[in-house]
Structure formats: C-alpha cells, structure tokens
Protein chains: 6
Amino acid sequence: MIYVSRQEHFNAAHKLFNPKWSAEKNTEVFGPCANENWHGHNFDLIVTVKGDPDPETGFVVDFKKLSLLIKETVLEPLDHKNLNLDVPFMKGKMASAEILVQEIWQLLKDRLPEITTVGQLYSIKLYETPRNFVEYFGPDPLNK
Amino acid sequence: MIYVSRQEHFNAAHKLFNPKWSAEKNTEVFGPCANENWHGHNFDLIVTVKGDPDPETGFVVDFKKLSLLIKETVLEPLDHKNLNLDVPFMKGKMASAEILVQEIWQLLKDRLPEITTVGQLYSIKLYETPRNFVEYFGPDPLNK
Amino acid sequence: MIYVSRQEHFNAAHKLFNPKWSAEKNTEVFGPCANENWHGHNFDLIVTVKGDPDPETGFVVDFKKLSLLIKETVLEPLDHKNLNLDVPFMKGKMASAEILVQEIWQLLKDRLPEITTVGQLYSIKLYETPRNFVEYFGPDPLNK
Amino acid sequence: MIYVSRQEHFNAAHKLFNPKWSAEKNTEVFGPCANENWHGHNFDLIVTVKGDPDPETGFVVDFKKLSLLIKETVLEPLDHKNLNLDVPFMKGKMASAEILVQEIWQLLKDRLPEITTVGQLYSIKLYETPRNFVEYFGPDPLNK
Amino acid sequence: MIYVSRQEHFNAAHKLFNPKWSAEKNTEVFGPCANENWHGHNFDLIVTVKGDPDPETGFVVDFKKLSLLIKETVLEPLDHKNLNLDVPFMKGKMASAEILVQEIWQLLKDRLPEITTVGQLYSIKLYETPRNFVEYFGPDPLNK
Amino acid sequence: MIYVSRQEHFNAAHKLFNPKWSAEKNTEVFGPCANENWHGHNFDLIVTVKGDPDPETGFVVDFKKLSLLIKETVLEPLDHKNLNLDVPFMKGKMASAEILVQEIWQLLKDRLPEITTVGQLYSIKLYETPRNFVEYFGPDPLNK
C-alpha cells in the first residue's frame, strides 16, 4: 500500500459566526474571526490517496489527473470565493476548517474512481494558515 | 551598515475593483480577484531597517521592539479585516499589494524613531501569497 | 473525527550528556552535541487534538485557545531557557528530543480539558531542526 | 513509542515510460514525464524509525548515524544519477515515486539494526516535488 | 517604484560538461554533476518587475498575466526537458544556473511590454536547489 | 554580473548581555535573551558571491567548493558551540546577529580567492530564526 499526496491551494474569504447568537456573543466566542466584513486566508490542501500501484504505470494515481480533479471539484467552487456567501454546500454551516475539510472529502470521494481504479481516498489535510491546520480521514477511516 | 529584518503576518479579505468601471469591466480586468463577495489571503510582511549597530547593545533595532511596533502599527488596523471596508487609510484606493505596501511604509516610517536611534526604514516586502509578492524601498530610497 | 493542529516555536540551549559517563565517553557517543558549553535550537512544536466538532462553534478546539495554552504550559518553561539547567521537569533526564516530547505531552494532557470538551490530545511533534524531528502519540495512543 | 524522523535530499533524472508500449502510448499516458531525453527532480526523503528510547542515551536512533546510513545506503546509488539507467535495483521497473519508495524501504530495512537496537523502520516519505509526494509503511506495517 | 515578483517552477534534467575536455577532466571539475546519464532538479524561478503602479488598476503588472507570460516563454521550452539536448537556446552553452538565468532574462525582456506599460524587467532569480541559487539583474542593471 | 548564493546552517547557544551592566539592566534591555544559562538557535546562513561566469565552467563559483569553504571557515568554529564562550573571534563582543554577521564576512572575505578567480564576496545573510534575520554587504559594498 502506497499513500500518494498532492498539494493545491486556494484563496477565500470567510467569517466565523453562529446566526443563533447575538453579535456580542459571536465576538466573545470567535474574536476577530467574527469580523462582520470578513477576513481571508491562503488555504493549502493536501489530498492523499491510498492503494497498490498499477503495474502498467507504476501509479496509484496520476499526479496530473489528481491535480486536475482537485481543481475542477474543489478549487472551482472555493477559490477566490466567500465561503459563507458564495459556496452552495457551505450554506447554513459554520465556515470553520473542521467543517470545510469534511465537505471537501465529500466532493472528492465520489469523483476519485474517475481517475484511478486502484486508489481510494485516504485523507484531506487543510491548512488555514501555516500554523493552523486540520486533517480528516473520512466517516469510515481506512486504517485509523 | 547592517540590514535587519523582521517577518510578521496577517489575514485579511479584499477585492480588486475600480469603482469608475462597470461590474463587467472589473471582471474582465481583475478576473476572480473582483469577486463581489470578496476573497482573502494570509499576508506575510517583512520590514527591513538599515543602520550601524549601537555599540552598547549590538543592535540596529531590537527584534522584539520591531515586532511589537509592527503589531501595533500595521497588524492592528489590518489583521482579520476587510482591506476595502474596514481600513481607513485604504478608503478610495485600490486594494492591490502595490498600493498596500506603500501605506504600510507610511505607517512605520514615522514611528520607527521611537524604537531605534541608529536605524532607518529601508524596505517593506509584502507577500500576498507565497508566489506573489511586492517590495517597496520608499519614495526616496536609501541606496537604490 | 477531525485532527486539529497548532504549530508554535521556542528557542532553547541544551547538551546531550550522560552524567554516569566520562567526558570522553560522552563526546564519543554524542559528538558535538556534548559540547560542554551547550549549543541550541529553534524548536518547532505541533500539537494535534482529535475530536468531533462542537456543532455550536464548528470547532474541535479554538486555535487561539490552543495557542495560548501551549504558550502558558509549554513555552513559558522552555522558551529562551537551558533545557538541562533551567527546566524543573527535565532535571536528571537526557535532554534529547525523544525525552522532551514525552514531557510536553504530560504538560498539555491535563490542561487540555480546560479549553475543549470534545477534543483529546492526539500527538506532539517536535522539530529540533527542520531535518530532525520526533513525534509522540502518548502512552496509550488513541488510534495507533 | 517515539517516532524519529530524518530528512535528506538527492537530485536525479528519470522518465516515465513502459517499454511494452509505443512512444505514442507512452506520451499519451505519461505526458511530458515521458520526455525521451529525461527530466529531473530534487527529491526530499523522510525516514521514520519507531521505538522506545534507550535509557542510556535518550535516543531511539542517533540522528547523525541515521543521516549517515541514509547517505551510504540510499543517496550513494541515487544522488546525481539517472533512475532508469544508472541504478541497478530500478532496472526493469517503472521509475515512479510509488515504485522508488518501496525500493528505498528495502535498502534501509536490513541495515537499520546496525545503528539502533531499539528502533524499527516505520515509514519512508518521498517528495518528488514539494506538491507531489508518496509514503510507504512497508509490506507489513507496524501499526497501520 | 514598486518591485513586483512572481514565482514559478519547472523540472529539468541536465549535466555539466565542457565538450573541449576529456571525460576525466569533466569529472574532476564537475564531480557528480558531470554524470554521463544526466541528473535533474526542481528549479524555482522568481521574476521581478519594477515600476510605478498604474492608477487605474493599482498594478505594476497583473500577477496572472506575469504568470502566464512566464509559462509561455520560459516554462514551455524548459519544463520536463533536458537542458543540454532539448532546449535550442542552450545548445553549445554550459548548462549551469549562471548561464541559464541569463537566457531566461532574454526570453522575458522582449515580451514583457506585451503585459505592462509601466513595468520593466528588474531581475531573475533561479533556484537550482533550495540551497543553491543565482540572481541576474540584466546586462545593464536598472539600479545596481 | 551574476549573484551566486549558497545556504548553510549551524546550531549554537548564546546570550545577549553587556558586561558593563548589572544583571537587572541586562534583563531590562535584553529580556529573555539575557537568560543567564543561555538559549540557542538554528542559524541559517546565505553567502552571496558576485562575478562574471568563467567561460570554461559556466561558474562564478562552484557551489560545492563554496559549501566546503563555508563549512571549514564558518561552521567549524560556530556549529554546536556557545557563541559567547567557545568562539575566539567573538570574545569581548556582543553575540547579536548584527555583530556575528560582520565576523562571518571577515572569515570568508580572505579565503574566497582560493576557490574563485572571477567572484567577489557580495553579502552575508544570517537568519537567527525564520522571522529574525540580518544582512551585511561589507565595509565597502560592491554596488550598494
């Protein structure tokens, strides 16, 4: 089993706020992340696929195909967007890295078989900043 | 002469648009950077001070004092903010890295003598992303 | 389950030596790391917390609270210190990254419930240099 | 159990092509990676060893010995070489990162006991570029 | 005056050898860099353009246009190629970073006016590895 | 003219204190950097040499020779040492980055002609941490 990873990046605006709470409580809980007029990040994304290499190509998944799939599936709806306002699948959800990383998993999970017959989605790692990041291994982790 | 540099970072939302133009022309010129609902970045900032070290301390400028001055002067108005809406000195200006770096120079130029008697502001380098960055040496560069 | 990580850093001096051995044997085993007058490093520290996000905040743990806890609990006793001389919990122990990372685990383990009700300490990763690093998953790893 | 890692790097040329296929099919499948006259990379390699620290040294494995072993065992046959033409153990194999990482595992697995009595080889991570990388935990992973 | 920089990367094979010398002398002078069957690198390239921002856009040069121009002009002939065999403008020249950076300058110098009316090419920085790099300010440096 | 740079690193302990001052004044001025029992850093060092490439080799200076010269001349006296106690040329001087970078210039200036006939020492850049660094262009800068 080989774990193959591809890193991509996107830039987006967001804010953290819970619509059930007052502005005061949002500021108390989320601090500057609740800034009404948004703030933003350069997000870095690492997608890892697990599998046995295809003997004909030596690949678990072609890095270029994986890059293109991430661009079409994840970067197209997220890059240069407002996570709270512009992204249909984030509507009504907290725009935290923890929630976003689970949505990115869903976007890729179903499309991955289009580009590999031997690899399965293993994890999504999402850097909100170089010092703040999250990782998700799916609802039913392969070997966690 | 020694050139002393300190790196800090901040997160902000912005968009690129010229209010004299139509939405169509803004999108044509700025592409996804004109997204109406903003996008954002993790900005990295490098401030360089030039001078002969003080013989008593061996310092051109104390790194900790320089860090604090940048935090008070630059990060306080910019971090977790919307560059177009929340930042008084950016009002009516293009929120490009080229314009922002000149404003950051002004913020620091006058305050620097508070923390060093031997150093002068030499340059401001601003990374919008790790691959896109600008540098400014002031209106009257010291040795450019 | 989401794995949430925060990176912090500290600077410290140390040396590697076993007090039961002669100076010659220490030099033979530890080489320049046994230099009598110490040497030092910029340590980078990554703390990972595992849990299901709180539905009210979207957080497993607030990055700012995690950063503050690491600063209070880990950086306060270690930053700008001598690991062999100044750090009570390292007295009588080898000042290797392998030993230090286990002590950092202990410091954080008990304090983590103060800042999250849904997250558990998962791992501590400690970079002595960008090319030399260790990771510890606790005495009773959650899913190792 | 502590996981101890050392990073090294090497530069090599290679191309991706399957000798059973026509030039056209190789170009169709591998794109520019099939360029007849080769291309190359700065490979970064992270070797991770798992074990309980030796109480006399505080080490699972001495970073300097691990660095030297990687240089002798892995970098000597690969650095400044052509992976397809110059490397005996890659003859007749696809020169993909997925295949190479498994060969590097074999090179280190048998030699590791020479430098540690408490550590076992845990994983090999190989960066072909900063954005494309693979990881291998062996044919019989220790805790995967 | 603002200095605007864009970073791109490419992968290539090369070797260092002087055809006027014997194989022995080439190996003596260039060591493993003279390996007959080539080796390779992930090259990183930073292109810097100098100018006063256009008041309508706030740009010295549009980062996206600069990225595209570098891709068309520099990456197309160099990426996934053999610098000695596949690149017409390197024929008969030493494939060192010092020579290549001058050729990249020539490629960009004439094409830059297509994408900016206010910026001039200022420098080309070329990383052969993260630790080995060169910079060129042109035959007639703007302010060196 | 091409500017050729090589990066090396070393680990050292130091403290900042002025022997003419009381312990209290040292702590007031230097804060935790005055910790009596030292602290330390992973220093990164970038040495830049300027010149016209030799037509026979394409080199201003051979990267490997430059690396070896830095190791012999700079790293040998500084790596795994205490800058205040173990380094003869730092005796009686403040162990700040500003002072150290000037000493490193002197160490390399006289030895550089041993490895290049076409290059001159241009600058020394010294990172005390990734966020705190200094640069020195010599007492008589070549083109500053």
# chains A, B, ... in the order shown; residues from 1 in each chain; ligands from 1
>>> closest_atom_pairs(of="chain F", to="chain E", cutoff="9 Å", atoms="only C-alpha atoms", output="Markdown table")
| residue | atom | partner | partner_atom | distance |
| --- | --- | --- | --- | --- |
| F:Met1 | CA | E:Tyr136 | CA | 6.9 |
| F:Ile2 | CA | E:Tyr136 | CA | 5.1 |
| F:Tyr3 | CA | E:Glu135 | CA | 5.0 |
| F:Val4 | CA | E:Val134 | CA | 4.4 |
| F:Ser5 | CA | E:Phe133 | CA | 5.3 |
| F:Arg6 | CA | E:Asn132 | CA | 5.0 |
| F:Gln7 | CA | E:Arg131 | CA | 4.7 |
| F:Glu8 | CA | E:Arg131 | CA | 7.3 |
| F:Ile46 | CA | E:Arg131 | CA | 8.4 |
| F:Thr48 | CA | E:Val134 | CA | 8.7 |
| F:Asp52 | CA | E:Glu98 | CA | 8.8 |
| F:Pro53 | CA | E:Glu98 | CA | 6.8 |
| F:Pro55 | CA | E:Met94 | CA | 8.3 |
| F:Glu56 | CA | E:Asn18 | CA | 7.0 |
| F:Thr57 | CA | E:Met94 | CA | 6.9 |
| F:Gly58 | CA | E:Met94 | CA | 5.5 |
| F:Phe59 | CA | E:Glu98 | CA | 6.4 |
| F:Val60 | CA | E:Glu98 | CA | 7.3 |
| F:Asp62 | CA | E:Phe30 | CA | 8.4 |
| F:Phe63 | CA | E:Asn132 | CA | 6.8 |
| F:Asn143 | CA | E:Lys144 | CA | 5.9 |
| F:Lys144 | CA | E:Lys144 | CA | 7.2 |
>>> write_last_selection(atoms="C-alpha atoms", output="short mmCIF file (atom, residue, chain, number, x, y, z; two decimals), in the first residue's frame")
data_model
loop_
_atom_site.label_atom_id
_atom_site.label_comp_id
_atom_site.auth_asym_id
_atom_site.auth_seq_id
_atom_site.Cartn_x
_atom_site.Cartn_y
_atom_site.Cartn_z
CA MET F 1 27.31 40.07 -13.39
CA ILE F 2 25.66 37.09 -11.68
CA TYR F 3 24.99 36.81 -7.94
CA VAL F 4 25.53 33.24 -6.75
CA SER F 5 24.25 32.14 -3.32
CA ARG F 6 24.75 29.11 -1.11
CA GLN F 7 22.78 28.40 2.08
CA GLU F 8 24.26 26.54 5.07
CA ILE F 46 23.31 32.60 2.93
CA THR F 48 26.42 35.54 -1.97
CA ASP F 52 31.04 37.13 -14.39
CA PRO F 53 30.92 33.38 -15.06
CA PRO F 55 33.56 30.69 -19.79
CA GLU F 56 35.22 27.27 -19.32
CA THR F 57 32.93 26.15 -16.49
CA GLY F 58 29.91 28.45 -16.65
CA PHE F 59 30.56 29.11 -12.92
CA VAL F 60 31.11 32.26 -10.90
CA ASP F 62 31.48 26.10 -7.80
CA PHE F 63 28.57 25.52 -5.35
CA ASN F 143 27.08 48.06 -5.50
CA LYS F 144 25.03 49.35 -2.61
#
>>> atom_distance(atom1="atom CA of A:Ile115", atom2="atom CA of A:Ser67")
10.6 Å
>>> select_by_dssp(residues="chain F", states="strand (DSSP E or B)", output="NGL selection string")
:F and (2-14 or 39-51 or 81-82 or 119-129 or 132-136)
>>> residues_around(residues="D:His9", least_positions_apart="4", cutoff="6 Å", atoms="only C-alpha atoms", output="list of chain:residue names")
D:Phe43, D:Asp44, D:Leu45
>>> atom_distance(atom1="atom CA of C:Trp105", atom2="atom CA of C:Glu76")
14.9 Å
